[in-house]
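The file data18.pdb comes next; it holds PDB, C-alpha atoms.
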ATOM      1  CA  MET A 100     -85.402  33.074  -9.429
ATOM      2  CA  SER A 101     -83.577  35.600  -7.288
ATOM      3  CA  GLY A 102     -80.047  35.724  -5.977
ATOM      4  CA  ARG A 103     -76.565  36.754  -7.051
ATOM      5  CA  GLY A 104     -73.789  34.528  -8.246
ATOM      6  CA  VAL A 105     -71.032  36.958  -7.307
ATOM      7  CA  ASP A 106     -71.239  39.974  -4.994
ATOM      8  CA  GLU A 107     -70.704  43.135  -6.998
ATOM      9  CA  GLU A 108     -68.245  44.421  -4.418
ATOM     10  CA  GLU A 109     -66.265  41.194  -4.281
ATOM     11  CA  GLU A 110     -62.941  41.360  -6.053
ATOM     12  CA  VAL A 111     -62.163  38.517  -8.394
ATOM     13  CA  ALA A 112     -58.529  37.703  -9.158
ATOM     14  CA  VAL A 113     -57.771  37.663 -12.854
ATOM     15  CA  THR A 114     -54.652  37.100 -14.870
ATOM     16  CA  HIS A 115     -53.832  39.983 -17.201
ATOM     17  CA  THR A 116     -52.309  38.993 -20.501
ATOM     18  CA  GLY A 117     -52.471  42.342 -22.310
ATOM     19  CA  PRO A 118     -49.961  45.215 -22.143
ATOM     20  CA  LYS A 119     -51.395  46.398 -18.814
ATOM     21  CA  GLY A 120     -51.007  42.955 -17.340
ATOM     22  CA  VAL A 121     -47.411  42.696 -18.546
ATOM     23  CA  ILE A 122     -46.582  46.085 -17.013
ATOM     24  CA  ASN A 123     -48.181  45.060 -13.717
ATOM     25  CA  ASP A 124     -46.247  41.775 -13.706
ATOM     26  CA  TRP A 125     -42.997  43.648 -14.418
ATOM     27  CA  ARG A 126     -43.778  46.112 -11.633
ATOM     28  CA  LYS A 127     -44.444  43.296  -9.173
ATOM     29  CA  PHE A 128     -41.235  41.523 -10.147
ATOM     30  CA  LYS A 129     -39.252  44.751  -9.757
ATOM     31  CA  LEU A 130     -40.638  45.311  -6.275
ATOM     32  CA  GLU A 131     -40.075  41.752  -5.127
ATOM     33  CA  SER A 132     -36.510  41.637  -6.435
ATOM     34  CA  MET A 133     -35.356  44.724  -4.560
ATOM     35  CA  ASP A 134     -33.479  44.509  -1.291
ATOM     36  CA  GLN A 135     -36.019  46.300   0.848
ATOM     37  CA  GLU A 136     -33.898  46.236   3.983
ATOM     38  CA  SER A 137     -31.322  48.488   2.336
ATOM     39  CA  LEU A 138     -33.910  51.049   1.225
ATOM     40  CA  PRO A 139     -34.619  54.266   3.143
ATOM     41  CA  PRO A 140     -37.889  54.271   5.135
ATOM     42  CA  ASN A 141     -39.800  56.408   2.625
ATOM     43  CA  LYS A 142     -39.067  54.053  -0.239
ATOM     44  CA  ARG A 143     -39.793  51.017   1.915
ATOM     45  CA  GLU A 144     -43.215  52.492   2.732
ATOM     46  CA  LEU A 145     -43.811  53.146  -0.951
ATOM     47  CA  LEU A 146     -42.991  49.533  -1.721
ATOM     48  CA  ARG A 147     -45.488  48.426   0.888
ATOM     49  CA  GLN A 148     -48.233  50.558  -0.635
ATOM     50  CA  MET A 149     -47.422  49.551  -4.201
ATOM     51  CA  SER A 150     -47.352  45.848  -3.431
ATOM     52  CA  SER A 151     -50.636  45.896  -1.483
ATOM     53  CA  PRO A 152     -53.206  43.619  -3.200
ATOM     54  CA  HIS A 153     -56.102  45.811  -2.030
ATOM     55  CA  LYS A 154     -57.388  48.655  -4.136
ATOM     56  CA  PRO A 155     -58.350  51.873  -2.332
ATOM     57  CA  LYS A 156     -62.138  52.278  -2.210
ATOM     58  CA  ASP A 157     -62.046  55.934  -1.204
ATOM     59  CA  ASP A 158     -61.916  58.301  -4.191
ATOM     60  CA  SER A 159     -60.195  60.828  -1.967
ATOM     61  CA  LEU A 160     -57.057  58.726  -2.312
ATOM     62  CA  GLY A 161     -56.864  59.534  -6.013
ATOM     63  CA  SER A 162     -54.412  62.342  -5.463
ATOM     64  CA  LEU A 163     -52.228  60.015  -3.423
ATOM     65  CA  ASN A 164     -52.245  57.529  -6.260
ATOM     66  CA  ARG A 165     -51.204  60.189  -8.760
ATOM     67  CA  LYS A 166     -48.391  61.291  -6.496
ATOM     68  CA  MET A 167     -47.275  57.721  -6.022
ATOM     69  CA  SER A 168     -46.996  57.234  -9.761
ATOM     70  CA  VAL A 169     -44.223  59.844  -9.854
ATOM     71  CA  GLN A 170     -42.501  58.314  -6.857
ATOM     72  CA  GLU A 171     -42.954  54.917  -8.403
ATOM     73  CA  TYR A 172     -41.178  56.053 -11.550
ATOM     74  CA  GLU A 173     -38.242  57.356  -9.522
ATOM     75  CA  LEU A 174     -38.068  54.057  -7.693
ATOM     76  CA  LEU A 175     -38.466  51.756 -10.660
ATOM     77  CA  LYS A 176     -36.005  53.515 -12.969
ATOM     78  CA  GLU A 177     -33.065  52.535 -10.731
ATOM     79  CA  ASP A 178     -31.169  49.517 -12.039
ATOM     80  CA  ASP A 179     -33.964  48.868 -14.536
ATOM     81  CA  GLU A 180     -31.735  47.348 -17.178
ATOM     82  CA  GLN A 181     -30.317  44.670 -14.913
ATOM     83  CA  CYS A 182     -33.676  43.915 -13.343
ATOM     84  CA  LEU A 183     -35.369  43.737 -16.726
ATOM     85  CA  ARG A 184     -32.886  41.097 -17.856
ATOM     86  CA  LYS A 185     -33.699  39.042 -14.781
ATOM     87  CA  TYR A 186     -37.411  39.469 -15.399
ATOM     88  CA  ARG A 187     -37.146  38.359 -19.015
ATOM     89  CA  LYS A 188     -35.039  35.381 -17.984
ATOM     90  CA  GLN A 189     -37.654  34.400 -15.416
ATOM     91  CA  CYS A 190     -40.431  34.726 -18.016
ATOM     92  CA  MET A 191     -38.521  32.460 -20.379
ATOM     93  CA  GLN A 192     -37.966  29.936 -17.594
ATOM     94  CA  GLU A 193     -41.659  29.927 -16.691
ATOM     95  CA  MET A 194     -42.674  29.504 -20.327
ATOM     96  CA  HIS A 195     -40.111  26.734 -20.655
ATOM     97  CA  GLU A 196     -41.623  24.868 -17.712
ATOM     98  CA  ARG A 197     -45.215  25.405 -18.884
ATOM     99  CA  LEU A 198     -44.387  23.906 -22.266
ATOM    100  CA  SER A 199     -42.966  20.837 -20.492
ATOM    101  CA  PHE A 200     -39.521  21.017 -22.018
ATOM    102  CA  GLY A 201     -38.162  19.591 -18.796
ATOM    103  CA  PRO A 202     -35.753  21.089 -16.275
ATOM    104  CA  LYS A 203     -32.693  23.211 -16.963
ATOM    105  CA  PHE A 204     -29.142  22.570 -15.838
ATOM    106  CA  GLU A 205     -25.973  24.541 -15.258
ATOM    107  CA  GLY A 206     -22.515  23.224 -15.968
ATOM    108  CA  VAL A 207     -21.245  19.657 -16.156
ATOM    109  CA  TYR A 208     -22.174  17.339 -13.293
ATOM    110  CA  ASP A 209     -19.537  15.092 -11.738
ATOM    111  CA  LEU A 210     -20.695  11.551 -10.947
ATOM    112  CA  ASP A 211     -18.724   9.840  -8.209
ATOM    113  CA  SER A 212     -20.026   6.258  -8.328
ATOM    114  CA  GLY A 213     -21.700   3.635 -10.453
ATOM    115  CA  GLU A 214     -24.879   4.184  -8.455
ATOM    116  CA  ALA A 215     -24.871   7.883  -9.326
ATOM    117  CA  PHE A 216     -24.281   6.899 -12.950
ATOM    118  CA  LEU A 217     -27.337   4.613 -12.954
ATOM    119  CA  ASP A 218     -29.462   7.192 -11.143
ATOM    120  CA  VAL A 219     -28.815   9.900 -13.715
ATOM    121  CA  ILE A 220     -29.776   7.461 -16.477
ATOM    122  CA  GLU A 221     -32.871   5.965 -14.879
ATOM    123  CA  LYS A 222     -34.262   8.745 -12.691
ATOM    124  CA  GLU A 223     -33.757  11.895 -14.745
ATOM    125  CA  HIS A 224     -36.792  13.668 -16.250
ATOM    126  CA  LYS A 225     -38.146  11.695 -19.204
ATOM    127  CA  LEU A 226     -37.717  14.688 -21.531
ATOM    128  CA  THR A 227     -34.113  15.308 -20.516
ATOM    129  CA  MET A 228     -31.250  14.219 -22.734
ATOM    130  CA  VAL A 229     -28.312  12.968 -20.644
ATOM    131  CA  VAL A 230     -24.791  13.073 -22.073
ATOM    132  CA  VAL A 231     -22.173  11.202 -20.019
ATOM    133  CA  HIS A 232     -18.448  11.504 -20.639
ATOM    134  CA  ILE A 233     -16.432   8.569 -19.292
ATOM    135  CA  TYR A 234     -12.811   9.530 -18.900
ATOM    136  CA  LYS A 235      -9.435   8.984 -17.269
ATOM    137  CA  ASP A 236      -7.209  11.885 -16.416
ATOM    138  CA  ASP A 237      -4.150  10.438 -18.154
ATOM    139  CA  VAL A 238      -5.871   9.401 -21.387
ATOM    140  CA  LYS A 239      -5.297  11.675 -24.357
ATOM    141  CA  GLY A 240      -8.294  13.771 -25.362
ATOM    142  CA  CYS A 241     -10.231  13.412 -22.115
ATOM    143  CA  GLU A 242      -9.269  16.792 -20.709
ATOM    144  CA  GLU A 243      -9.979  18.518 -24.017
ATOM    145  CA  LEU A 244     -13.395  16.858 -24.240
ATOM    146  CA  ASN A 245     -14.221  17.949 -20.698
ATOM    147  CA  ASN A 246     -13.453  21.539 -21.683
ATOM    148  CA  CYS A 247     -15.672  21.231 -24.748
ATOM    149  CA  LEU A 248     -18.580  19.900 -22.701
ATOM    150  CA  ASN A 249     -18.184  22.789 -20.264
ATOM    151  CA  CYS A 250     -18.830  25.143 -23.182
ATOM    152  CA  LEU A 251     -21.737  23.126 -24.580
ATOM    153  CA  ALA A 252     -23.412  22.956 -21.174
ATOM    154  CA  THR A 253     -23.855  26.728 -21.237
ATOM    155  CA  GLU A 254     -25.310  26.612 -24.750
ATOM    156  CA  TYR A 255     -27.706  23.717 -24.149
ATOM    157  CA  PRO A 256     -29.155  24.064 -20.631
ATOM    158  CA  THR A 257     -31.911  21.497 -21.308
ATOM    159  CA  ILE A 258     -29.282  18.759 -21.686
ATOM    160  CA  LYS A 259     -27.732  17.278 -18.579
ATOM    161  CA  PHE A 260     -24.020  16.932 -19.248
ATOM    162  CA  CYS A 261     -22.171  14.623 -16.846
ATOM    163  CA  ARG A 262     -18.747  13.091 -16.487
ATOM    164  CA  ILE A 263     -17.438  10.147 -14.510
ATOM    165  CA  ASN A 264     -14.006   8.632 -14.070
ATOM    166  CA  ALA A 265     -13.930   5.158 -15.603
ATOM    167  CA  ALA A 266     -12.655   3.693 -12.320
ATOM    168  CA  ALA A 267     -15.716   5.040 -10.476
ATOM    169  CA  THR A 268     -18.255   3.400 -12.787
ATOM    170  CA  GLY A 269     -17.841  -0.016 -11.181
ATOM    171  CA  ALA A 270     -17.203  -1.401 -14.655
ATOM    172  CA  GLY A 271     -13.633  -0.296 -15.188
ATOM    173  CA  GLU A 272     -12.834  -3.422 -17.228
ATOM    174  CA  ARG A 273     -15.388  -2.295 -19.832
ATOM    175  CA  PHE A 274     -13.846   1.152 -20.083
ATOM    176  CA  SER A 275     -10.193   0.483 -20.663
ATOM    177  CA  ASP A 276      -7.879   3.195 -21.896
ATOM    178  CA  ASP A 277      -8.264   2.174 -25.538
ATOM    179  CA  VAL A 278     -12.025   3.035 -25.606
ATOM    180  CA  LEU A 279     -11.683   6.390 -23.854
ATOM    181  CA  PRO A 280     -12.829   9.051 -23.948
ATOM    182  CA  ALA A 281     -16.317   7.587 -24.305
ATOM    183  CA  VAL A 282     -19.577   9.498 -24.678
ATOM    184  CA  LEU A 283     -22.881   7.815 -23.843
ATOM    185  CA  VAL A 284     -26.210   9.507 -24.536
ATOM    186  CA  TYR A 285     -29.505   8.585 -22.860
ATOM    187  CA  LYS A 286     -33.089   9.761 -22.764
ATOM    188  CA  ALA A 287     -35.882   8.293 -20.612
ATOM    189  CA  GLY A 288     -33.544   5.462 -19.647
ATOM    190  CA  GLU A 289     -32.866   4.477 -23.252
ATOM    191  CA  MET A 290     -29.424   4.639 -24.798
ATOM    192  CA  LEU A 291     -29.383   6.835 -27.902
ATOM    193  CA  GLY A 292     -25.675   7.009 -28.512
ATOM    194  CA  ASN A 293     -22.593   4.968 -27.580
ATOM    195  CA  PHE A 294     -19.412   6.559 -28.878
ATOM    196  CA  LEU A 295     -16.199   4.833 -27.836
ATOM    197  CA  THR A 296     -12.883   6.574 -28.427
ATOM    198  CA  VAL A 297     -14.951   9.524 -29.577
ATOM    199  CA  THR A 298     -11.832  11.536 -30.413
ATOM    200  CA  GLN A 299     -11.319   9.316 -33.467
ATOM    201  CA  TYR A 300     -14.016  11.431 -35.128
ATOM    202  CA  PHE A 301     -12.118  14.687 -34.547
ATOM    203  CA  ASN A 302      -8.872  16.193 -35.657
ATOM    204  CA  GLU A 303      -5.819  16.142 -33.424
ATOM    205  CA  GLU A 304      -6.861  19.555 -32.134
ATOM    206  CA  PHE A 305     -10.610  19.900 -31.639
ATOM    207  CA  PHE A 306     -12.999  22.389 -30.098
ATOM    208  CA  ALA A 307     -16.517  22.624 -28.705
ATOM    209  CA  THR A 308     -17.881  23.441 -32.155
ATOM    210  CA  ASP A 309     -16.517  20.120 -33.433
ATOM    211  CA  VAL A 310     -18.205  18.177 -30.655
ATOM    212  CA  GLU A 311     -21.388  20.180 -31.215
ATOM    213  CA  ALA A 312     -21.395  19.383 -34.943
ATOM    214  CA  PHE A 313     -20.751  15.696 -34.226
ATOM    215  CA  LEU A 314     -23.698  15.430 -31.823
ATOM    216  CA  ASN A 315     -25.883  17.386 -34.225
ATOM    217  CA  ASP A 316     -25.072  14.930 -37.012
ATOM    218  CA  TYR A 317     -26.687  12.231 -34.871
ATOM    219  CA  GLY A 318     -29.668  14.414 -33.982
ATOM    220  CA  LEU A 319     -28.708  14.525 -30.319
ATOM    221  CA  LEU A 320     -28.887  18.282 -29.756
ATOM    222  CA  PRO A 321     -32.000  20.471 -29.636
ATOM    223  CA  GLU A 322     -32.178  23.870 -31.249
ATOM    224  CA  LYS A 323     -30.382  26.529 -29.281
ATOM    225  CA  GLU A 324     -32.624  28.676 -27.117
ATOM    226  CA  LEU A 325     -33.063  32.368 -27.828
ATOM    227  CA  ARG A 326     -30.575  34.283 -25.736
ATOM    228  CA  MET A 327     -32.187  37.148 -23.837
ATOM    229  CA  ASP A 328     -29.162  39.427 -23.624
ATOM    230  CA  GLY A 329     -29.199  40.138 -27.340
ATOM    231  CA  GLU A 330     -25.764  38.613 -27.860
ATOM    232  CA  GLU A 331     -24.678  35.337 -29.346
ATOM    233  CA  ALA A 332     -22.304  33.414 -27.147
ATOM    234  CA  ASP A 333     -19.288  32.017 -28.945
ATOM    235  CA  VAL A 334     -18.602  28.288 -28.706
ATOM    236  CA  GLU A 335     -14.971  27.651 -29.203
TER     237      GLU A 335
END
Take the structure in the file and write it out as structure tokens.
Amino acid sequence: MSGRGVDEEEEVAVTHTGPKGVINDWRKFKLESMDQESLPPNKRELLRQMSSPHKPKDDSLGSLNRKMSVQEYELLKEDDEQCLRKYRKQCMQEMHERLSFGPKFEGVYDLDSGEAFLDVIEKEHKLTMVVVHIYKDDVKGCEELNNCLNCLATEYPTIKFCRINAAATGAGERFSDDVLPAVLVYKAGEMLGNFLTVTQYFNEEFFATDVEAFLNDYGLLPEKELRMDGEEADVE
């Protein structure tokens, strides 16, 4: 039986996972992250050649390729440290998504209505833990707890931290001053924690580490992710 499954000259896209593949991925990321409009014409042309998906078929271009490697080094060495941090962060994010850990979040989200409250409970990703702080501005401990959650949100980006004024919940009679601040914890629409007057578990003066330890005691926090900047962030 005659015939060919794949033309010998046809290029087949492959994903490199070895050191060469990692270097190529880093190079591509570096090129794509640069502001090409601000580059001089010669560097912009070099970027165009380096990012071309087609390999030169003429061996006479070998000398050009060797020359480009020197130019490429000069180009890539600029701002490498900052760009490398971004690249590593992106790699971690992609791995995070591939392993189905769910989305990531930044900061504490303000909910402005009972409908928004229900949405964040019922419609959030099934793998996402949702921590909701119900507060009133004039109730003791609410402001301090908000500050603590701001810190924890940076340490636990896979948790969605939210806050809502008791009056905005549509169930203000259930959240009177004597049960605030309240912390409710949900996952996949199911309540995992219901802590009324949560400050009763802390000292008069408390910090983010106290709230962190409290939630950990109930198994409501995941392990902290590896920080890519080589430094441990302090939770105060």
A:Asp316 environment, 12 Å, only C-alpha atoms, sequence neighbours closer than 5 positions dropped, as a CSV table (one decimal) with C-alpha atoms, in the frame of the given file:
chain,number,residue,atom,x,y,z
A,292,GLY,CA,-25.7,7.0,-28.5
A,300,TYR,CA,-14.0,11.4,-35.1
A,309,ASP,CA,-16.5,20.1,-33.4
A,310,VAL,CA,-18.2,18.2,-30.7
A,311,GLU,CA,-21.4,20.2,-31.2
A,321,PRO,CA,-32.0,20.5,-29.6
Give me, please, the distance in Å between atom CA of A:Tyr255 and atom CA of A:Lys323, quoted to one decimal. 6.4 Å
Once the PyMOL selection byres ((chain A and resi 286-290) around 9) has been applied to the shown file, what residues remain in the selection, as JSON, numbers by chain? {"A": [219, 220, 221, 222, 223, 224, 225, 226, 227, 228, 229, 230, 283, 284, 285, 291, 292, 293]}
Apply the PyMOL selection byres ((chain A and resi 210) around 7) to the displayed file and report the matching residues as a ChimeraX atom specification. /A:208-209,211-212,215-216,261-263
Pairwise distance, atom CA of A:Cys241 with atom CA of A:Leu279, equals 7.4 Å
Evaluating the PyMOL selection byres ((chain A and resi 206) around 6) on the displayed file yields which residues, as a VMD selection string? chain A and resid 205 207 252
Atom pair atom CA of A:Arg184 / atom CA of A:Pro202: separation (Å):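 We find that atom CA of A:Arg184 and atom CA of A:Pro202 lie 20.3 Å from each other.
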Counting only C-alpha atoms, the option among A:Asn302, A:Thr308, A:Asn315, A:Thr268 closest to A:Leu248: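 Looking at the shortest contact to A:Leu248, the residue is A:Thr308.
The nearest approach to A:Glu214 among the residues A:Val238, A:Ala312, A:Val282, A:Ala270, with all atoms listed in the file taken into account, belongs to A:Ala270.
Proximity of A:Leu314, A:Ile258, A:Ile233, A:Cys247 to A:Lys203, computed with only C-alpha atoms, is greatest for A:Ile258.
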